[in-house]
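Enquirer: Got a structure for you, written out below as structure tokens; questions coming shortly.
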Amino acid sequence: MTVLKTSARNFVAHKGRMALSAVAVLLSVAFVCGTLVFTDTMNTTFDKLFAASSADVTVSPKAAGGDDQGPRTGRPEALPASAVQQVTKADGVKSAEGVVVSLSVTVVNSDNKKMGSDSGAPTVAGNWTTTDLKSMEITSGHAPRGPTEVMVDADTADKHGLKLGDELRTIAVTGDITAKISGVASFKMTNPGATVVYFDTATAQRQLLGKPDTFTHIAVTAEQGVSDTRLKQQVAGVLDGAAGGPYKLQTAKEAADSGREELGSFLDVMKYAMLGFAGIAFLVGIFLIVNTFSMLVTQRTREIGLMRAIGSSRKQVNRGVLVEALLLGVVGSVLGVGAGVGLAVGLMKLMGSMGMELSTKDLTVAWTTPVVGLALGIIVTVVAAYVPARRAGKVSPMAALRDAGTPADGRAGWIRAGIGLVLTGAGGALLYVTTQADKASEGSLFLGGGVVLTLIGFIVIGPLLAGGVVRVISAVVLRMFGPVGRMAERNALRNPRRTGATGAALMIGLALVACLSVVGSSMVASATEELDRSVGADFIVQSGQGGPIVPKAEKALRATPGIEHFTSYKAIEARLTSPDGRTQTKDLAAADPTYAQDLRRETVAGELSAAYGKNAMSVGSDYAEQHGVKVGDTMTVAFKGGETAKLRIAAITSDESNVGKGAMYTNITTAAQYLPADRVPPNVIMFAKAVDGKEKAAYAGLKKALAAYPTVTVQDQTDFKQSLKDEVGQLLNIVYGLLALAIIVAVLGVVNTLALSVVERTREIGLMRAIGLSRRQLRRMIRLESVVIALFGALLGLGLGMGWGTTAQKLLALEGLGVLEIPWSTILTVFVGSAFVGLFAALVPAFRAGRMNVLNAIATE
């Protein structure tokens with residue numbers, strides 16, 4: 001109890017010195033709790049939506065899988081309307097209703113502006129049914145009554161300023177519907193951002209499915225007292241072949257679970273990625289906490305010595321420091337849990353601005369969230385304080401006679417240096433082994449080990465590196481500042497362990513930034529080089545949603561003058577049986593023969609042009625090697641939804657290049673003869689070659705032709721390269737944003753180290769002021785010390801990160817991305833930016849040092 005009281009008193013007495021450490025714990029815990037609350041809230045929102053929109057039993061085509069809305073063909077899998085009549089005959093059925101739903105649509109207004117969300121939420125088109133009344137209600141106008149009327153959801157109407165009578169155009173592979181808004185329907189629960197339009201049943205069947213008397217599924221409602229499970233059994237009994245036949249039956253719970261499972265895989269990736277960045281922030285925070293308690297122990301050396309002299313045991317002193325750490329962890333974690341809820345609300349608002357609406361009414365704080373946050377924050381803080389606590393326990397009673405604030409040991413231990421060198425060497429060896437790997441999957445294991453070992457090695461060896469690196473940086477940066485610069489250098493070198501730990505915190509975040517910059521730049525450079533070498537077409541046409549190019553858009557394109565040829569490209573799912581008898585499902589690239597000109601592929605056997613002959617195809621070299629396939633062999637190809645064909649291998653393409661790697665080519669005409677007309681998918685991409693000298697006019701003409709189809713884009717090679725660069729850049733910016741948390745915590749570490757260092761050197765500062773050092777010179781000295789520490793961490797981090805990135809690029813080269821590009825502008829910007837970070841971090845400590853009273857400072861014990 002005495003230890004607890006003493007620790008509580010010390011904690012309160014030094015609360016200002018621990019404030020930044022508490023902030024670091026708060027930020028890290030807040031990121032963890034915010035992530036958990038945000039993803040739990042998304043789960044709650046979608047669970048409510050799935051539960052409200054699911055019928056008691058849903059009947060859908062057996063062929064429909066996770067992508068049952070037909071993103072590949074644009075035609076959802078359908079069942080005959082006669083099945084509805086069959087279902088109504090089952091015992092326990094109150095009602096059965098045919099439903100049409102398609103996700104492969106684009107909705108635009110009269111100005112051809114897309115109405116969909118930018119957050120990735122789907123655009124849904126279907127028929128208005130009584131089942132929809134479970135989740136929606138008409139709040140304005142009326143349901144659609146014919147092909148010229150459409151109803152839209154209220155959120156979309158509000159967002160885009162739509163009102164009754166406005167015209168909407170719904171673009172689908174099977175039809176292009178222009179209709180006026182007859183009604184607006186509001187969700188009874190939160191709409192996560194989907195754009196929803198409704199048509200009458202006949203219009204939906206004809207325009208969304210391409211044929212009448214079909215539905216995508218049947219919504220079955222049970223009579224009073226009939227359970228969903230029993231209803232499912234009764235419906236299965238009246239449907240021919242329901243057991244293993246053409247239909248799939250799901251109860252409301254099974255349908256909701258299926259939707260939750262599909263959504264869960266996406267949310268899990270997002271959740272664990274964000275938690276990974278939170279883990280990095282915790283790792284950086286450890287250095288801050290270690291430095292804080294190390295400096296506090298050093299400053300209280302005399303006090304601890306007195307406690308030992310009057311009878312306190314080592315264990316009691318040790319326990320006292322750990323209790324202070326426990327209090328710090330509790331305070332920081334409790335505040336962090338609260339801040340995490342606020343962060344989750346902020347993320348919800350951010351997603352709302354991007355189109356994914358999440359209501360605070362669904363805010364979900366599971367009991368596990370605060371428990372996880374508190375446990376992580378407290379455990380990390382106490383573990384980080386363990387080494388300083390042990391050091392405090394070793395203070396002898398004789399230390400009471402020593403000046404307070406005198407560091408017990410300012411030199412990095414040789415044992416520590418030796419361990420650091422061994423770890424760094426082992427990590428470097430693994431990175432070298434990575435560069436010699438023959439397969440990316442094997443090399444990635446060595447890369448992971450090398451990254452971890454070199455990171456730990458640099459952290460351990462940091463104090464040893466501080467002596468040399470800081471001197472070099474000081475020679476370049478500080479010497480121009482004369483005696484003040486030399487004093488700043490000596491201050492940074494005074495305690496290499498402290499400088500090393502402070503720099504290491506910044507090093508971790510910047511190492512990841514540098515590594516990802518190198519990888520991203522190398523990927524773009526490799527893809528650009530491959531594009532120049534392989535793509536012969538002038539223009540590339542594709543859907544921005546990754547879906548098919550609708551036939552009407554293709555027709556408009558083909559009417560453009562100045563085009564020498566267009567090349568169609570379709571992805572057709574088929575089950576392939578190789579000569580060795582092994583079978584697997586793959587996509588067959590069905591294209592026009594001109595594709596061989598538009599995408600130049602090297603072959604290891606045969607000619608690619610021959611693969612576009614009658615009943616011919618090509619395979620990739622990796623597939624050929626695995627299955628013993630050679631030119632002249634015959635493949636058995638069972639086209640999904642069509643017939644089985646025997647296709648001759650006419651060419652084997654090289655898989656050395658990343659463009660088209662593993663693709664299997666055949667002629668569209670060959671594929672079409674084995675598929676029903678309605679099973680031949682639309683193009684997923686098209687290529688165009690302009691007539692010589694008419695490239696600019698053709699490009700303008702293609703842009704004009706696609707003006708009415710905003711999701712379909714045409715790009716020349718320059719545009720395509722820029723879009724690739726932008727996509728990688730956007731991804732990197734997201735990662736950099738998440739890494740910013742770790743860098744912020746590292747900056748807090750620099751601020752805290754300087755602030756505590758100023759307190760530690762109070763008497764020294766007073767003496768320097770007494771012999772003539774001005775306030776301005778004092779503040780400059782502290783700022784320069786901060787800049788050196790920041791540049792030290794940046795130099796280590798950027799060097800380490802470039803090493804990781806260069807090694808990772810060697811693995812990418814095995815996948816066809818063989819160009820290494822170091823983004824020197826980014827590296828230099830980050831390095832210079834680190835100097836400004838150091839200046840910023842020193843503002844408050846330098847200001848406080850400059851305001852010290854000289855006489856009081858000299859009198860400080």
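Residue numbering restarts at 1 in every chain; chains get A, B, ... in the order shown in the structure tokens, and ligands count up from 1 in that same order.
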Please tabulate, as a tab-separated table, the residues of segment 491-564 of chain A that come within 10 Å of segment 826-830 of chain A, each with its closest pair of atoms and the distance in Å to one decimal, counting only C-alpha atoms and ordering rows by chain, then residue number upward.

Expert:
```
residue	atom	partner	partner_atom	distance
A:Leu510	CA	A:Val830	CA	8.0
A:Val513	CA	A:Val830	CA	8.9
A:Ala514	CA	A:Ile827	CA	6.7
A:Ser517	CA	A:Thr826	CA	7.6
A:Val518	CA	A:Ile827	CA	9.2
```

Enquirer: Filtering to C-alpha atoms, could you give me those residues as a CSV table (one decimal), in the first residue's frame?

Expert:
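Ended up saving to again14.csv:
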```
chain,number,residue,atom,x,y,z
A,510,LEU,CA,10.0,6.5,-42.4
A,513,VAL,CA,7.4,5.0,-46.2
A,514,ALA,CA,10.7,4.6,-48.2
A,517,SER,CA,7.8,4.4,-52.3
A,518,VAL,CA,10.4,2.3,-53.9
```

Enquirer: Please extract the residues of segment 428-657 of chain A with a backbone DSSP assignment of alpha helix (DSSP H) and present them as a PyMOL selection string.

Expert: chain A and resi 428-435+440-477+482-494+496-534+551-558+595-598+621-627

Enquirer: Report, in Å with one decimal, the straight-line distance from atom CA of Ala157 of chain A to atom CA of Ala194 of chain A.

Expert: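 So the two atoms, atom CA of Ala157 of chain A and atom CA of Ala194 of chain A, lie 11.8 Å apart.
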
Enquirer: List every residue of segment 600-630 of chain A that DSSP, applied to the backbone of this structure, assigns to strand (DSSP E or B), and report them as a PyMOL selection string.

Expert: chain A and resi 603-606+616-620

Enquirer: Go ahead and write the selection's residues with C-alpha atoms as an mmCIF file, in the first residue's frame.

Expert:
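Output file part18.cif follows:
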```
data_model
loop_
_atom_site.group_PDB
_atom_site.id
_atom_site.type_symbol
_atom_site.label_atom_id
_atom_site.label_comp_id
_atom_site.auth_asym_id
_atom_site.auth_seq_id
_atom_site.Cartn_x
_atom_site.Cartn_y
_atom_site.Cartn_z
ATOM 1 C CA THR A 603 5.744 -17.350 -77.821
ATOM 2 C CA VAL A 604 7.968 -20.231 -76.820
ATOM 3 C CA ALA A 605 6.324 -22.516 -79.384
ATOM 4 C CA GLY A 606 4.023 -21.933 -82.345
ATOM 5 C CA ALA A 616 -7.567 -23.592 -81.843
ATOM 6 C CA MET A 617 -6.217 -21.961 -78.699
ATOM 7 C CA SER A 618 -3.024 -21.094 -76.854
ATOM 8 C CA VAL A 619 -1.802 -21.684 -73.293
ATOM 9 C CA GLY A 620 0.820 -20.012 -71.128
#
```

Enquirer: Identify, on the basis of only C-alpha atoms, every residue whose closest approach to Thr567 of chain A does not exceed 7 Å; exclude the query and any residue fewer than 4 positions from it along the same chain; express the result as a PyMOL selection string.

Expert: chain A and resi 591-592+594-595+686-688

Enquirer: Counting only C-alpha atoms, which of A:Ile181, A:Leu791, A:Val728, A:Leu374 gets nearest to Leu162 of chain A?

Expert: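 Among the listed residues, the smallest separation from Leu162 of chain A belongs to A:Ile181.
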
Enquirer: Which residues, written as a ChimeraX atom specification, have at least one atom at most 12 Å from Leu209 of chain A, with only C-alpha atoms counted and residues fewer than 6 positions away on the same chain left out?

Expert: /A:69-70,73-80,99-105,125-127,172-176,201-203,215-217,678

Enquirer: Could you give me, as a PyMOL selection string, the residues within 12 Å of Gln224 of chain A, counting only C-alpha atoms and dropping anything in the same chain fewer than 3 positions from it?

Expert: chain A and resi 56+91-95+221+227-228+231

Enquirer: For the residues selected in the previous step, produce a file with N, CA and C atoms as a CSV table (one decimal), in the first residue's frame.

Expert:
```csv
chain,number,residue,atom,x,y,z
A,56,ASP,N,-38.7,-14.9,-46.0
A,56,ASP,CA,-38.6,-16.1,-45.1
A,56,ASP,C,-37.8,-17.2,-45.7
A,91,ASP,N,-47.1,-26.5,-49.1
A,91,ASP,CA,-47.8,-26.3,-47.8
A,91,ASP,C,-47.0,-25.3,-47.0
A,92,GLY,N,-47.8,-24.4,-46.3
A,92,GLY,CA,-47.2,-23.4,-45.4
A,92,GLY,C,-46.8,-22.1,-46.1
A,93,VAL,N,-47.0,-22.0,-47.5
A,93,VAL,CA,-46.7,-20.8,-48.2
A,93,VAL,C,-47.8,-19.9,-48.2
A,94,LYS,N,-47.6,-18.7,-47.6
A,94,LYS,CA,-48.6,-17.6,-47.6
A,94,LYS,C,-48.6,-16.9,-48.9
A,95,SER,N,-47.4,-16.6,-49.4
A,95,SER,CA,-47.3,-16.0,-50.8
A,95,SER,C,-45.9,-16.2,-51.3
A,221,THR,N,-43.1,-16.1,-48.5
A,221,THR,CA,-43.5,-15.7,-47.2
A,221,THR,C,-44.3,-16.9,-46.5
A,227,SER,N,-42.3,-22.4,-39.5
A,227,SER,CA,-41.0,-21.9,-39.3
A,227,SER,C,-40.3,-21.8,-40.7
A,228,ASP,N,-39.2,-21.0,-40.8
A,228,ASP,CA,-38.5,-20.9,-42.0
A,228,ASP,C,-37.9,-22.2,-42.5
A,231,LEU,N,-40.7,-24.4,-43.9
A,231,LEU,CA,-41.1,-23.8,-45.2
A,231,LEU,C,-40.1,-24.2,-46.3
```

Enquirer: Give the answer as one residue: which of A:Lys630, A:Lys315, A:Lys253, A:Lys62 has the shortest atom-to-atom distance to Lys48 of chain A, using only C-alpha atoms?

Expert: A:Lys253

Enquirer: Could I get the residues of segment 759-833 of chain A with an atom no further than 9 Å from an atom of segment 521-527 of chain A, each paired with its nearest atom pair and that distance in Å to one decimal, using only C-alpha atoms, sorted by chain and residue number, as a Markdown table?

Expert:
```
| residue | atom | partner | partner_atom | distance |
| --- | --- | --- | --- | --- |
| A:Thr806 | CA | A:Ser522 | CA | 9.0 |
| A:Gln809 | CA | A:Ser522 | CA | 6.9 |
| A:Leu812 | CA | A:Met523 | CA | 8.0 |
| A:Ala813 | CA | A:Ser526 | CA | 8.8 |
| A:Gly816 | CA | A:Ser526 | CA | 8.0 |
| A:Leu817 | CA | A:Ser526 | CA | 4.9 |
| A:Gly818 | CA | A:Ser526 | CA | 5.9 |
| A:Val819 | CA | A:Ser526 | CA | 4.8 |
| A:Leu820 | CA | A:Ser522 | CA | 4.9 |
| A:Glu821 | CA | A:Ser522 | CA | 4.8 |
| A:Ile822 | CA | A:Ser521 | CA | 6.9 |
| A:Pro823 | CA | A:Ser521 | CA | 6.4 |
```

Enquirer: With only C-alpha atoms as the counted atoms, please give the residues lying no more than 9 Å from Met189 of chain A, apart from itself and same-chain residues fewer than 3 positions off, as a list in words.

Expert: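 The residues that qualify are Thr45, Lys48, Leu49, Ala52, Ser135, Met136 and Ser186 of chain A.
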
Enquirer: Just write the chosen residues, all heavy atoms, as a compact mmCIF listing (two decimals), in the first residue's frame.

Expert:
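Generated file (out-v8.txt):
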```
# COMPACT_ATOMS: atom_id res chain seq x y z
N THR A 45 -24.94 -2.38 -39.23
CA THR A 45 -25.73 -1.74 -40.29
C THR A 45 -26.16 -2.76 -41.34
O THR A 45 -27.34 -2.83 -41.73
CB THR A 45 -24.92 -0.61 -40.95
OG1 THR A 45 -24.61 0.38 -39.96
CG2 THR A 45 -25.70 0.04 -42.08
N LYS A 48 -28.67 -5.47 -40.06
CA LYS A 48 -30.05 -4.97 -40.05
C LYS A 48 -30.63 -4.97 -41.46
O LYS A 48 -31.79 -5.33 -41.68
CB LYS A 48 -30.10 -3.57 -39.46
CG LYS A 48 -29.89 -3.51 -37.96
CD LYS A 48 -30.03 -2.07 -37.46
CE LYS A 48 -29.88 -2.00 -35.93
NZ LYS A 48 -30.02 -0.60 -35.44
N LEU A 49 -29.80 -4.56 -42.42
CA LEU A 49 -30.26 -4.50 -43.80
C LEU A 49 -30.57 -5.90 -44.33
O LEU A 49 -31.62 -6.13 -44.95
CB LEU A 49 -29.20 -3.83 -44.67
CG LEU A 49 -29.54 -3.66 -46.16
CD1 LEU A 49 -30.75 -2.74 -46.32
CD2 LEU A 49 -28.35 -3.10 -46.92
N ALA A 52 -33.73 -7.29 -42.64
CA ALA A 52 -34.98 -6.65 -43.06
C ALA A 52 -35.34 -6.98 -44.50
O ALA A 52 -36.52 -7.01 -44.85
CB ALA A 52 -34.85 -5.14 -42.89
N SER A 135 -38.39 -3.40 -45.98
CA SER A 135 -37.22 -2.56 -45.74
C SER A 135 -37.39 -1.13 -46.23
O SER A 135 -36.58 -0.26 -45.90
CB SER A 135 -35.98 -3.17 -46.40
OG SER A 135 -36.19 -3.34 -47.79
N MET A 136 -38.42 -0.85 -47.04
CA MET A 136 -38.60 0.48 -47.61
C MET A 136 -40.06 0.90 -47.57
O MET A 136 -40.95 0.05 -47.46
CB MET A 136 -38.08 0.52 -49.06
CG MET A 136 -36.64 0.08 -49.22
SD MET A 136 -35.96 0.49 -50.84
CE MET A 136 -35.64 2.24 -50.65
N SER A 186 -38.04 5.48 -49.18
CA SER A 186 -37.04 5.66 -48.13
C SER A 186 -36.77 4.34 -47.42
O SER A 186 -37.69 3.54 -47.20
CB SER A 186 -37.53 6.67 -47.09
OG SER A 186 -37.73 7.93 -47.69
```

Enquirer: What's the separation between atom CA of Val472 of chain A and atom CA of Ile419 of chain A, in Å to one decimal place?

Expert: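 So the two atoms, atom CA of Val472 of chain A and atom CA of Ile419 of chain A, lie 24.1 Å apart.
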